[in-house]
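Before any comments, here is the structure.
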Amino acid sequence: MGRIFISVGEGSPDEVQQLILLRALVTAELRSRGFEVLDVPAYLGLRETIQWINVRARPGDVAVQLDTNASPNPSARGASAFYIAYNIERQIQAQRLLRLLVGRLPQLPNRGAKPDTATGFGGLAFNRDVIIPSLLVEVGFWTNPSDRFLLQNRRSDLALGLTDGIAAFSLAVSGYPIEDDTPSVYPPPRINVMINNRFYPGEGILVNNKSYLPANLANQLGTDLITAPNVQRIQYEGEVYVRATDLQKYNIAVSWDNPRQTVILRSIA
């Protein structure tokens, strides 16, 4: 799994300070999930930031810049993610990041993923000149009172949403075969897992009435579920989950105990 570079954009001292505080929470949460994070020094300008990343970047790494937006119209608000134009893969990753972000904070409007050419500058240096996959995320409008309130007072929720999205971005670039199945209920309900008549210490999740189980339970099933073909995977909170019914392809009986909200797995000898 590659490393994650996180930088903060330029702005007023108050804006930059809020972004630094937000980044600190995101970095801490990503590290708690097992990701290696490099925070770009906040005192660097844009060109120095790009150079700082490029001299340290390795294949599989990703870069994200956290920024705020501004508008003469104080009613303009919401989060956006910019990607390098004409890159479909990066567009999909930007869309996923935003979905996960607003999933944690529904009060923040999703303005959508946008090509860097939509900015009016003809392109964004952070998207074009960073040599590893990069996304620029505008977490809201500093000129909008509602967005500014969320940034100042709902920082933890904002950080968790960004963490979910950045983790998914990193996993996708690192080659994890993850498919989208965005939960219609957020957070998705937790479910129990029983393997060969014993409860598994971890939990699964129920996504759109489908059971998904932690991929790392493979050790107890004798199957490499991270790379196994014909298994649908999703990423949630930095962890990879596999669809329970797909395990039937690998000699594993799958059933559902509704009263106990438990997926029951049994190895077929």
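We name chains A, B, ... following the order of the structure tokens; residues begin at 1 in each chain, and ligands are numbered from 1 as shown.
Excluding segment 31-38 of chain A itself and same-chain residues fewer than 5 positions from it, the residues having an atom within 6 Å of it are Arg3, Ile4 and Phe5 of chain A, counting only C-alpha atoms.
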Could you give me, as a VMD selection string, the residues within 7 Å of Leu158 of chain A, counting only C-alpha atoms and dropping anything in the same chain fewer than 6 positions from it?
-> chain A and resid 101 104 to 105
Per residue of segment 79-186 of chain A within 10 Å of segment 69-72 of chain A, which atom pair is closest and at what distance in Å (one decimal), using only C-alpha atoms, listed by chain and increasing number, as a tab-separated table?
residue	atom	partner	partner_atom	distance
A:Ala79	CA	A:Asn69	CA	8.5
A:Ser80	CA	A:Asn69	CA	8.9
A:Val137	CA	A:Asn69	CA	9.5
A:Glu138	CA	A:Asn69	CA	6.0
A:Val139	CA	A:Asn69	CA	7.6
A:Gly140	CA	A:Asn69	CA	5.9
A:Phe141	CA	A:Asn69	CA	4.4
A:Trp142	CA	A:Ala70	CA	5.8
A:Thr143	CA	A:Ala70	CA	5.3
A:Asn144	CA	A:Ala70	CA	7.9
A:Asp147	CA	A:Asn69	CA	9.9
Atoms kept (N, CA and C atoms) for selection, written as a PDB file, in the first residue's frame:
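Result file follows (again_13.pdb):
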ATOM      1  N   ALA A  79     -18.729  21.152  -1.117  1.00  0.00           N
ATOM      2  CA  ALA A  79     -17.405  20.570  -1.328  1.00  0.00           C
ATOM      3  C   ALA A  79     -17.234  20.139  -2.776  1.00  0.00           C
ATOM      4  N   SER A  80     -16.028  20.272  -3.278  1.00  0.00           N
ATOM      5  CA  SER A  80     -15.673  19.852  -4.636  1.00  0.00           C
ATOM      6  C   SER A  80     -14.348  19.109  -4.592  1.00  0.00           C
ATOM      7  N   VAL A 137      -9.033  18.913  -2.982  1.00  0.00           N
ATOM      8  CA  VAL A 137     -10.367  18.879  -2.375  1.00  0.00           C
ATOM      9  C   VAL A 137     -10.666  20.225  -1.725  1.00  0.00           C
ATOM     10  N   GLU A 138     -11.725  20.855  -2.176  1.00  0.00           N
ATOM     11  CA  GLU A 138     -12.217  22.068  -1.528  1.00  0.00           C
ATOM     12  C   GLU A 138     -13.307  21.646  -0.552  1.00  0.00           C
ATOM     13  N   VAL A 139     -13.044  21.784   0.727  1.00  0.00           N
ATOM     14  CA  VAL A 139     -13.923  21.230   1.750  1.00  0.00           C
ATOM     15  C   VAL A 139     -15.116  22.126   2.054  1.00  0.00           C
ATOM     16  N   GLY A 140     -15.207  23.263   1.387  1.00  0.00           N
ATOM     17  CA  GLY A 140     -16.328  24.168   1.588  1.00  0.00           C
ATOM     18  C   GLY A 140     -15.931  25.595   1.261  1.00  0.00           C
ATOM     19  N   PHE A 141     -16.899  26.486   1.315  1.00  0.00           N
ATOM     20  CA  PHE A 141     -16.667  27.906   1.017  1.00  0.00           C
ATOM     21  C   PHE A 141     -16.426  28.666   2.317  1.00  0.00           C
ATOM     22  N   TRP A 142     -15.255  29.252   2.427  1.00  0.00           N
ATOM     23  CA  TRP A 142     -14.948  30.053   3.598  1.00  0.00           C
ATOM     24  C   TRP A 142     -15.851  31.280   3.658  1.00  0.00           C
ATOM     25  N   THR A 143     -16.353  31.710   2.507  1.00  0.00           N
ATOM     26  CA  THR A 143     -17.209  32.895   2.436  1.00  0.00           C
ATOM     27  C   THR A 143     -18.663  32.585   2.762  1.00  0.00           C
ATOM     28  N   ASN A 144     -18.987  31.310   3.006  1.00  0.00           N
ATOM     29  CA  ASN A 144     -20.346  30.933   3.359  1.00  0.00           C
ATOM     30  C   ASN A 144     -20.431  30.629   4.850  1.00  0.00           C
ATOM     31  N   ASP A 147     -20.906  26.752   5.691  1.00  0.00           N
ATOM     32  CA  ASP A 147     -19.706  25.945   5.462  1.00  0.00           C
ATOM     33  C   ASP A 147     -18.627  26.264   6.479  1.00  0.00           C
TER      34      ASP A 147
END
Just the helix (DSSP H, G or I) stuff from segment 31-254 of chain A, please, per backbone DSSP, written as a count of residues only.
-> 78
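Distance check against Gln93 of chain A using only C-alpha atoms: of A:Pro188, A:Gly60, A:Gly165, A:Pro214, the minimum falls on A:Gly165.
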All residues 9 Å or closer to Leu206 of chain A, only C-alpha atoms, same chain fewer than 4 positions away omitted, as a list of chain:residue names | A:Pro183, A:Pro188, A:Pro189, A:Arg190, A:Ile191, A:Lys210, A:Ser211, A:Tyr212, A:Leu213
Take the residues just selected and output them with C-alpha atoms as an mmCIF file, in the first residue's frame.
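File produced: result-v3.cif:
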data_model
loop_
_atom_site.group_PDB
_atom_site.id
_atom_site.type_symbol
_atom_site.label_atom_id
_atom_site.label_comp_id
_atom_site.auth_asym_id
_atom_site.auth_seq_id
_atom_site.Cartn_x
_atom_site.Cartn_y
_atom_site.Cartn_z
ATOM 1 C CA PRO A 183 -24.379 2.545 1.392
ATOM 2 C CA PRO A 188 -24.236 0.925 7.485
ATOM 3 C CA PRO A 189 -25.527 -1.422 10.217
ATOM 4 C CA ARG A 190 -22.968 -3.731 11.803
ATOM 5 C CA ILE A 191 -23.595 -7.479 11.682
ATOM 6 C CA LYS A 210 -26.270 -7.294 1.227
ATOM 7 C CA SER A 211 -23.878 -8.708 3.799
ATOM 8 C CA TYR A 212 -20.207 -7.751 3.521
ATOM 9 C CA LEU A 213 -17.492 -9.325 5.640
#
Compare A:Ala42, A:Leu108, A:Val173, A:Leu30 by their minimum atom-to-atom distance to Gln17 of chain A, counting only C-alpha atoms, and give me the closest one.
-> A:Ala42
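Atom CA of Asn54 of chain A lies 6.2 Å from atom CA of Val130 of chain A.
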Picked from segment 28-266 of chain A by DSSP as strand (DSSP E), as a ChimeraX atom specification = /A:37-39,62-69,79-83,110-115,134-141,190-195,198-199,204-207,210-214,233-236,239-243,252-257,262-266
Which residues, written as number ranges by chain, have at least one atom at most 8 Å from Lys114 of chain A, with only C-alpha atoms counted and residues fewer than 2 positions away on the same chain left out?
-> A: 80-83, 91, 112, 116, 118
Just to be explicit: take each residue in the selection above, keep C-alpha atoms, and write the result as a PDB file, in the first residue's frame.
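The new file part-v3.pdb reads:
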ATOM      1  CA  SER A  80     -15.673  19.852  -4.636  1.00  0.00           C
ATOM      2  CA  ALA A  81     -12.817  17.628  -5.769  1.00  0.00           C
ATOM      3  CA  PHE A  82     -10.640  18.511  -8.740  1.00  0.00           C
ATOM      4  CA  TYR A  83      -8.828  15.960 -10.901  1.00  0.00           C
ATOM      5  CA  GLN A  91     -12.555  11.279 -12.015  1.00  0.00           C
ATOM      6  CA  GLY A 112     -19.241  17.201  -7.619  1.00  0.00           C
ATOM      7  CA  ASP A 116      -9.024  21.025 -13.331  1.00  0.00           C
ATOM      8  CA  ALA A 118     -13.156  23.919 -15.057  1.00  0.00           C
TER       9      ALA A 118
END
